[in-house]
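Listing of coords-v8.cif, mmCIF, C-alpha atoms
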data_coords
#
loop_
_atom_site.label_atom_id
_atom_site.label_comp_id
_atom_site.auth_asym_id
_atom_site.auth_seq_id
_atom_site.Cartn_x
_atom_site.Cartn_y
_atom_site.Cartn_z
CA MET A 1 0.00 0.00 0.00
CA GLN A 2 1.35 3.39 -0.93
CA ARG A 3 2.08 5.66 2.02
CA ARG A 4 -0.10 8.76 2.13
CA PRO A 5 1.88 12.01 1.90
CA GLY A 6 1.82 14.36 4.83
CA PHE A 7 0.43 17.87 5.20
CA PRO A 8 0.92 20.72 4.64
CA ALA A 9 2.33 21.03 1.15
CA ARG A 10 4.74 23.90 0.51
CA LEU A 11 6.02 25.62 -2.54
CA PRO A 12 9.72 26.00 -3.31
CA GLY A 13 11.15 28.92 -1.37
CA THR A 14 8.83 28.51 1.63
CA GLY A 15 11.05 26.21 3.64
CA ASN A 16 10.43 22.92 1.86
CA ALA A 17 12.10 23.32 -1.50
CA GLY A 18 10.99 21.00 -4.23
CA ALA A 19 7.80 19.87 -2.50
CA LYS A 20 5.20 18.46 -4.83
CA PRO A 21 1.49 19.27 -4.60
CA VAL A 22 -0.28 17.11 -2.05
CA ALA A 23 -3.82 15.84 -2.53
CA GLN A 24 -6.39 14.60 -0.06
CA VAL A 25 -5.98 11.15 -1.62
CA LEU A 26 -8.93 9.45 0.01
CA ALA A 27 -11.78 8.92 -2.47
CA PRO A 28 -13.08 10.05 -5.88
CA ALA A 29 -14.39 13.61 -6.07
CA SER A 30 -17.73 12.30 -7.34
CA ALA A 31 -18.31 10.97 -3.83
CA LEU A 32 -19.04 14.52 -2.68
CA ALA A 33 -22.34 14.65 -4.52
CA ALA A 34 -23.21 11.05 -3.78
CA ARG A 35 -23.00 10.97 0.01
CA LYS A 36 -22.99 13.09 3.11
CA PRO A 37 -19.70 14.13 4.70
CA VAL A 38 -18.88 12.19 7.83
CA VAL A 39 -18.70 15.23 10.09
CA ALA A 40 -21.75 15.98 12.20
CA ALA A 41 -24.11 18.79 11.27
CA PRO A 42 -24.53 21.70 13.68
CA VAL A 43 -27.16 20.78 16.24
CA GLY A 44 -30.57 22.37 15.96
CA VAL A 45 -30.12 24.33 12.74
CA GLY A 46 -31.06 21.68 10.18
CA LEU A 47 -28.47 22.90 7.69
CA ASP A 48 -27.66 19.34 6.60
CA SER A 49 -31.05 19.27 4.89
CA SER A 50 -30.86 19.26 1.09
CA ALA A 51 -33.94 21.51 1.07
CA VAL A 52 -31.86 24.39 2.46
CA ARG A 53 -29.34 24.08 -0.36
CA THR A 54 -32.12 23.61 -2.91
CA ARG A 55 -33.57 26.99 -1.97
CA MET A 56 -30.14 28.57 -2.39
CA VAL A 57 -29.75 26.96 -5.82
CA GLN A 58 -33.19 28.19 -6.86
CA LYS A 59 -32.14 31.73 -5.95
CA LEU A 60 -28.92 31.34 -7.95
CA ALA A 61 -30.90 30.20 -10.98
CA ALA A 62 -33.32 33.10 -10.58
CA GLY A 63 -30.31 35.42 -10.38
CA GLY A 64 -29.01 34.33 -13.78
CA ILE A 65 -26.87 31.21 -13.25
CA THR A 66 -27.78 28.86 -16.09
CA SER A 67 -25.11 26.13 -15.99
CA ALA A 68 -26.66 22.89 -14.77
CA SER A 69 -23.22 21.65 -13.68
CA VAL A 70 -22.59 24.73 -11.56
CA LEU A 71 -26.04 24.62 -9.97
CA GLN A 72 -25.60 20.94 -9.18
CA ALA A 73 -22.18 21.55 -7.60
CA MET A 74 -23.49 24.47 -5.54
CA GLY A 75 -26.29 22.27 -4.29
CA ALA A 76 -23.95 19.43 -3.40
CA VAL A 77 -21.43 21.32 -1.25
CA GLU A 78 -22.63 22.12 2.25
CA ARG A 79 -21.50 25.69 2.77
CA HIS A 80 -22.26 25.71 6.49
CA ARG A 81 -19.39 23.31 7.06
CA PHE A 82 -16.94 26.00 5.93
CA VAL A 83 -18.04 28.86 8.22
CA ASP A 84 -17.69 29.49 11.94
CA SER A 85 -20.32 27.88 14.13
CA ALA A 86 -21.60 31.32 15.19
CA LEU A 87 -22.41 32.12 11.54
CA VAL A 88 -23.99 28.87 10.35
CA ASN A 89 -27.47 30.35 10.27
CA GLN A 90 -26.23 32.77 7.59
CA ALA A 91 -24.40 30.11 5.57
CA TYR A 92 -26.97 29.92 2.77
CA GLU A 93 -27.66 33.62 2.51
CA ASP A 94 -26.11 35.38 -0.46
CA THR A 95 -23.51 37.17 1.57
CA SER A 96 -19.77 36.95 2.22
CA LEU A 97 -18.80 35.94 5.75
CA PRO A 98 -15.59 36.37 7.77
CA ILE A 99 -13.39 33.28 8.09
CA GLY A 100 -10.59 34.82 10.15
CA LEU A 101 -7.27 36.55 9.46
CA GLY A 102 -9.08 39.35 7.65
CA GLN A 103 -10.40 37.04 4.92
CA THR A 104 -13.90 36.07 3.81
CA ILE A 105 -15.82 33.27 2.17
CA SER A 106 -17.32 34.63 -1.06
CA LYS A 107 -21.03 34.99 -1.71
CA PRO A 108 -22.61 31.89 -3.26
CA SER A 109 -23.69 33.98 -6.25
CA VAL A 110 -20.11 35.14 -6.85
CA VAL A 111 -18.68 31.62 -6.57
CA ALA A 112 -21.32 30.33 -9.00
CA ARG A 113 -20.79 33.22 -11.40
CA MET A 114 -17.02 32.78 -11.55
CA CYS A 115 -17.28 29.00 -11.94
CA GLU A 116 -19.78 29.44 -14.76
CA LEU A 117 -17.40 31.83 -16.48
CA LEU A 118 -14.63 29.22 -16.28
CA LEU A 119 -16.87 26.67 -17.95
CA GLY A 120 -17.48 29.13 -20.78
CA ALA A 121 -13.86 29.03 -21.92
CA GLU A 122 -13.21 27.67 -25.39
CA GLY A 123 -11.19 24.75 -24.06
CA ALA A 124 -13.81 23.86 -21.45
CA ARG A 125 -16.63 23.96 -24.00
CA ALA A 126 -14.72 21.59 -26.23
CA GLY A 127 -13.49 19.04 -23.71
CA GLY A 128 -14.67 19.91 -20.22
CA LEU A 129 -12.78 21.73 -17.50
CA GLY A 130 -9.35 20.15 -16.98
CA ARG A 131 -6.74 21.33 -14.50
CA VAL A 132 -7.63 24.44 -12.51
CA LEU A 133 -5.45 26.72 -10.39
CA GLU A 134 -7.22 28.54 -7.56
CA ILE A 135 -5.49 31.55 -6.00
CA GLY A 136 -6.63 31.91 -2.40
CA THR A 137 -7.93 28.69 -0.85
CA GLY A 138 -9.48 30.50 2.09
CA CYS A 139 -11.66 28.07 4.02
CA GLY A 140 -11.76 25.61 1.11
CA TYR A 141 -15.37 26.13 0.01
CA GLN A 142 -14.69 27.19 -3.57
CA ALA A 143 -12.14 24.39 -3.98
CA ALA A 144 -14.84 21.90 -3.01
CA VAL A 145 -17.20 23.34 -5.61
CA LEU A 146 -14.45 23.32 -8.25
CA SER A 147 -13.66 19.67 -7.47
CA LEU A 148 -17.05 18.74 -8.93
CA LEU A 149 -16.48 20.78 -12.09
CA ALA A 150 -12.83 20.18 -12.94
CA ARG A 151 -10.66 17.14 -13.47
CA GLU A 152 -8.02 18.45 -11.05
CA VAL A 153 -7.76 21.44 -8.71
CA TYR A 154 -4.55 23.03 -7.43
CA THR A 155 -5.38 25.57 -4.75
CA LEU A 156 -2.87 28.02 -3.20
CA GLU A 157 -3.13 29.80 0.14
CA ARG A 158 -0.54 32.25 1.49
CA LEU A 159 -1.81 32.33 5.09
CA ARG A 160 -0.77 29.34 7.16
CA GLY A 161 -3.82 29.52 9.43
CA LEU A 162 -6.25 29.39 6.52
CA HIS A 163 -4.29 26.68 4.73
CA ASP A 164 -4.57 24.50 7.83
CA ARG A 165 -8.24 25.34 8.24
CA ALA A 166 -9.02 24.45 4.63
CA ARG A 167 -7.20 21.15 5.07
CA ASP A 168 -9.37 20.34 8.10
CA ASN A 169 -12.57 21.48 6.37
CA LEU A 170 -11.92 19.46 3.22
CA ARG A 171 -10.63 16.28 4.86
CA PRO A 172 -14.10 14.81 5.58
CA PHE A 173 -15.12 15.25 1.94
CA ARG A 174 -12.25 12.98 0.81
CA LEU A 175 -11.47 14.71 -2.46
CA ALA A 176 -8.82 12.90 -4.47
CA ASN A 177 -8.54 15.61 -7.13
CA VAL A 178 -7.82 18.59 -4.85
CA HIS A 179 -4.18 19.55 -4.16
CA LEU A 180 -3.76 21.92 -1.19
CA LEU A 181 -0.66 24.10 -1.45
CA PHE A 182 0.88 26.61 0.94
CA GLY A 183 2.70 29.41 -0.87
CA ASP A 184 2.61 32.79 -2.59
CA GLY A 185 -0.36 32.78 -4.95
CA MET A 186 1.01 35.68 -6.98
CA LEU A 187 3.66 33.30 -8.28
CA GLY A 188 1.11 30.73 -9.34
CA TYR A 189 2.34 27.14 -9.42
CA ALA A 190 4.46 26.48 -12.48
CA LYS A 191 4.88 22.76 -11.81
CA GLY A 192 1.19 22.17 -12.43
CA ALA A 193 0.98 24.33 -15.56
CA PRO A 194 -0.47 24.72 -18.08
CA TYR A 195 -3.90 25.25 -16.54
CA ALA A 196 -7.21 25.09 -18.33
CA ALA A 197 -8.47 27.74 -15.94
CA ILE A 198 -7.21 30.06 -13.21
CA ILE A 199 -9.53 31.64 -10.65
CA ALA A 200 -8.55 34.19 -8.01
CA ALA A 201 -10.29 35.06 -4.75
CA ALA A 202 -8.36 38.29 -4.18
CA GLY A 203 -8.02 41.44 -6.26
CA GLY A 204 -4.95 43.46 -7.14
CA ASP A 205 -4.09 46.37 -9.40
CA ALA A 206 -2.88 44.07 -12.15
CA VAL A 207 -2.95 40.40 -13.06
CA PRO A 208 0.43 38.80 -12.26
CA GLN A 209 2.35 37.81 -15.36
CA ALA A 210 2.97 34.36 -13.87
CA TRP A 211 -0.75 33.59 -14.08
CA CYS A 212 -0.93 34.50 -17.75
CA ASP A 213 2.20 32.47 -18.47
CA GLN A 214 0.76 29.40 -16.72
CA LEU A 215 -2.60 29.56 -18.49
CA ALA A 216 -3.03 27.11 -21.36
CA VAL A 217 -3.99 28.23 -24.84
CA GLY A 218 -7.77 27.97 -24.94
CA GLY A 219 -7.87 28.52 -21.18
CA ARG A 220 -9.54 31.26 -19.18
CA LEU A 221 -8.55 33.35 -16.17
CA VAL A 222 -11.23 34.91 -13.96
CA ALA A 223 -10.13 37.36 -11.28
CA PRO A 224 -11.12 40.64 -9.63
CA MET A 225 -8.99 43.63 -10.56
CA ALA A 226 -8.94 47.20 -9.27
CA LEU A 227 -9.34 49.78 -12.00
CA SER A 228 -8.32 53.42 -11.78
CA GLY A 229 -10.24 54.93 -8.90
CA GLY A 230 -10.03 51.73 -6.87
CA GLN A 231 -13.27 50.10 -8.08
CA GLN A 232 -12.87 46.34 -8.33
CA MET A 233 -14.27 44.72 -11.46
CA LEU A 234 -14.50 41.10 -12.51
CA LEU A 235 -11.93 40.46 -15.21
CA VAL A 236 -11.96 37.62 -17.73
CA ILE A 237 -8.83 36.83 -19.76
CA ASP A 238 -8.89 34.25 -22.54
CA LYS A 239 -5.62 32.92 -23.91
CA THR A 240 -5.89 32.45 -27.66
CA PRO A 241 -3.31 31.32 -30.23
CA HIS A 242 -2.98 35.02 -31.10
CA GLY A 243 -2.53 36.33 -27.55
CA LEU A 244 -4.63 37.42 -24.58
CA LYS A 245 -8.19 38.68 -24.91
CA GLN A 246 -9.54 40.67 -21.98
CA ASN A 247 -13.10 41.50 -20.93
CA VAL A 248 -14.16 43.59 -17.93
CA LEU A 249 -17.49 42.60 -16.40
CA GLU A 250 -19.45 43.65 -13.31
CA PRO A 251 -18.25 45.29 -10.08
CA VAL A 252 -17.17 42.94 -7.28
CA HIS A 253 -15.65 43.23 -3.84
CA PHE A 254 -12.79 40.95 -2.79
CA VAL A 255 -10.00 41.15 -0.24
CA PRO A 256 -6.71 42.63 -1.54
CA LEU A 257 -4.25 40.44 -3.41
CA LYS A 258 -0.96 40.25 -1.49
CA SER A 259 2.42 38.63 -2.05
CA GLY A 260 4.47 36.51 0.27
CA ILE A 261 3.38 34.06 2.97
CA ALA A 262 2.33 34.59 6.57
#

Produce structure tokens that represent the structure in this file.
Amino acid sequence: MQRRPGFPARLPGTGNAGAKPVAQVLAPASALAARKPVVAAPVGVGLDSSAVRTRMVQKLAAGGITSASVLQAMGAVERHRFVDSALVNQAYEDTSLPIGLGQTISKPSVVARMCELLLGAEGARAGGLGRVLEIGTGCGYQAAVLSLLAREVYTLERLRGLHDRARDNLRPFRLANVHLLFGDGMLGYAKGAPYAAIIAAAGGDAVPQAWCDQLAVGGRLVAPMALSGGQQMLLVIDKTPHGLKQNVLEPVHFVPLKSGIA
């Protein structure tokens, strides 16, 4: 029997040079939609009921999300398992919530919107969503959703506390296709490139060149970006054989993109 690798994974330059991405190698990702996680639901709130998630999905559909795959994934992942116990009653509201260290879990509508945009890439339309790089693991919620949409997910977190929390949150789901990495997200992760899609959960003044370099031709990058004046907008970059094609969409509000680890 092969020995399971240990946690946490690190990127070169963070004290464990040469470390390879580490997955929660426990069971197929499809198991997430097929069974309940083994952790107990919060007592007395009934948030383990599929009816609660169904209502959230209905609101997402009414708000303009049309991808059946995205709606199914949003309905399968129990968001209340990724928030603090004091906030579980707000878990299925369309609002961002604090997860500690100055970071937040994104609104369900924003997660669904960005995932749907990834699936609209030329490469994804032709052959499904392959390998995805997520910048900013946070509490692990979006990585869990992505695991049901992509063949493989590499997710980077620069804050040790959140990296460890995401590991603990995702462990019960037993996702074999999610690789948790601790490192500087602005550098991307070249060893896993090229990526069919890159998604960022933090916004800067410009898209790091490393992300564009690591994006596959036919792939799509979705990230918030601050325009002149400081207003954050959702940015979509498609990598074509002729270069990068950029589209600016609706206003969004994300935490700032930062370099380094902490």

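Nearest residue to Ser50 of chain A among A:Tyr154, A:Phe182, A:Phe254, A:Tyr92 is A:Tyr92, counting all atoms listed in the file.
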
Checklist line | Residues matched by the PyMOL selection byres ((chain A and resi 132-134) around 7), written as a list of chain:residue names | finding: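 This file, filtered by the PyMOL selection byres ((chain A and resi 132-134) around 7), leaves A:Gly130, A:Arg131, A:Ile135, A:Gly136, A:Thr137, A:Ala150, A:Glu152, A:Val153, A:Tyr154, A:Thr155, A:Leu156, A:Tyr195, A:Ala196, A:Ala197, A:Ile198, A:Ile199, A:Ala200.
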
Next item on the list: Could you tell me which of A:Gly63, A:Pro251, A:Gly161, A:Pro256 comes closest to Ala201 of chain A if we count all atoms listed in the file?
Entry: A:Pro256

Check: Got a sec to resolve the PyMOL selection byres ((chain A and resi 139) around 8) on this structure and send the residues as a ChimeraX atom specification?
Finding: /A:82-83,99,105,137-138,140-141,162-163,165-166,169

Check: Please, what distance in Å, to one decimal, runs between atom CA of Leu118 of chain A and atom CA of Gln90 of chain A?
Finding: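 The value is 26.8 Å.
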
Note to self: Here's the selection I'm unsure about, the PyMOL selection byres ((chain A and resi 217) around 12); applied to the file above, which residues does it give, as a count of residues only?
What the structure shows: 27

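From atom CA of Glu93 of chain A back to atom CA of Leu234 of chain A, the distance works out to 21.3 Å.
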
Margin query: Show me, as a list in words, the residues that have an atom within 7 Å of Val70 of chain A when counting all atoms listed in the file, minus same-chain residues fewer than 2 positions from it.
Written below: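 Everything that qualifies: Ser67, Ala68, Gln72, Ala73, Met74, Ala112, Cys115 and Glu116 of chain A.
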
Checklist line | Which of A:Leu148, A:Ser69, A:Ile261, A:Gly229 sits closest to Phe173 of chain A [using all atoms listed in the file] | finding: A:Leu148

Check: Between atom CA of Gln103 of chain A and atom CA of Thr66 of chain A, what is the distance, to one decimal in Å?
Finding: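 We find that atom CA of Gln103 of chain A and atom CA of Thr66 of chain A lie 28.5 Å from each other.
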
Checklist line | From A:Gln142, A:Asn89, A:Lys59, A:Pro208, residue lying nearest Thr104 of chain A [only C-alpha atoms] | finding: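 Closest to Thr104 of chain A, using only C-alpha atoms: A:Gln142.
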
Notebook entry, point to check: From the list A:Arg174, A:Met225, A:Pro108, A:Thr95, which residue is nearest Met56 of chain A when using all atoms listed in the file?
Noted result: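 Checking each candidate against Met56 of chain A, we get A:Pro108 as the closest.
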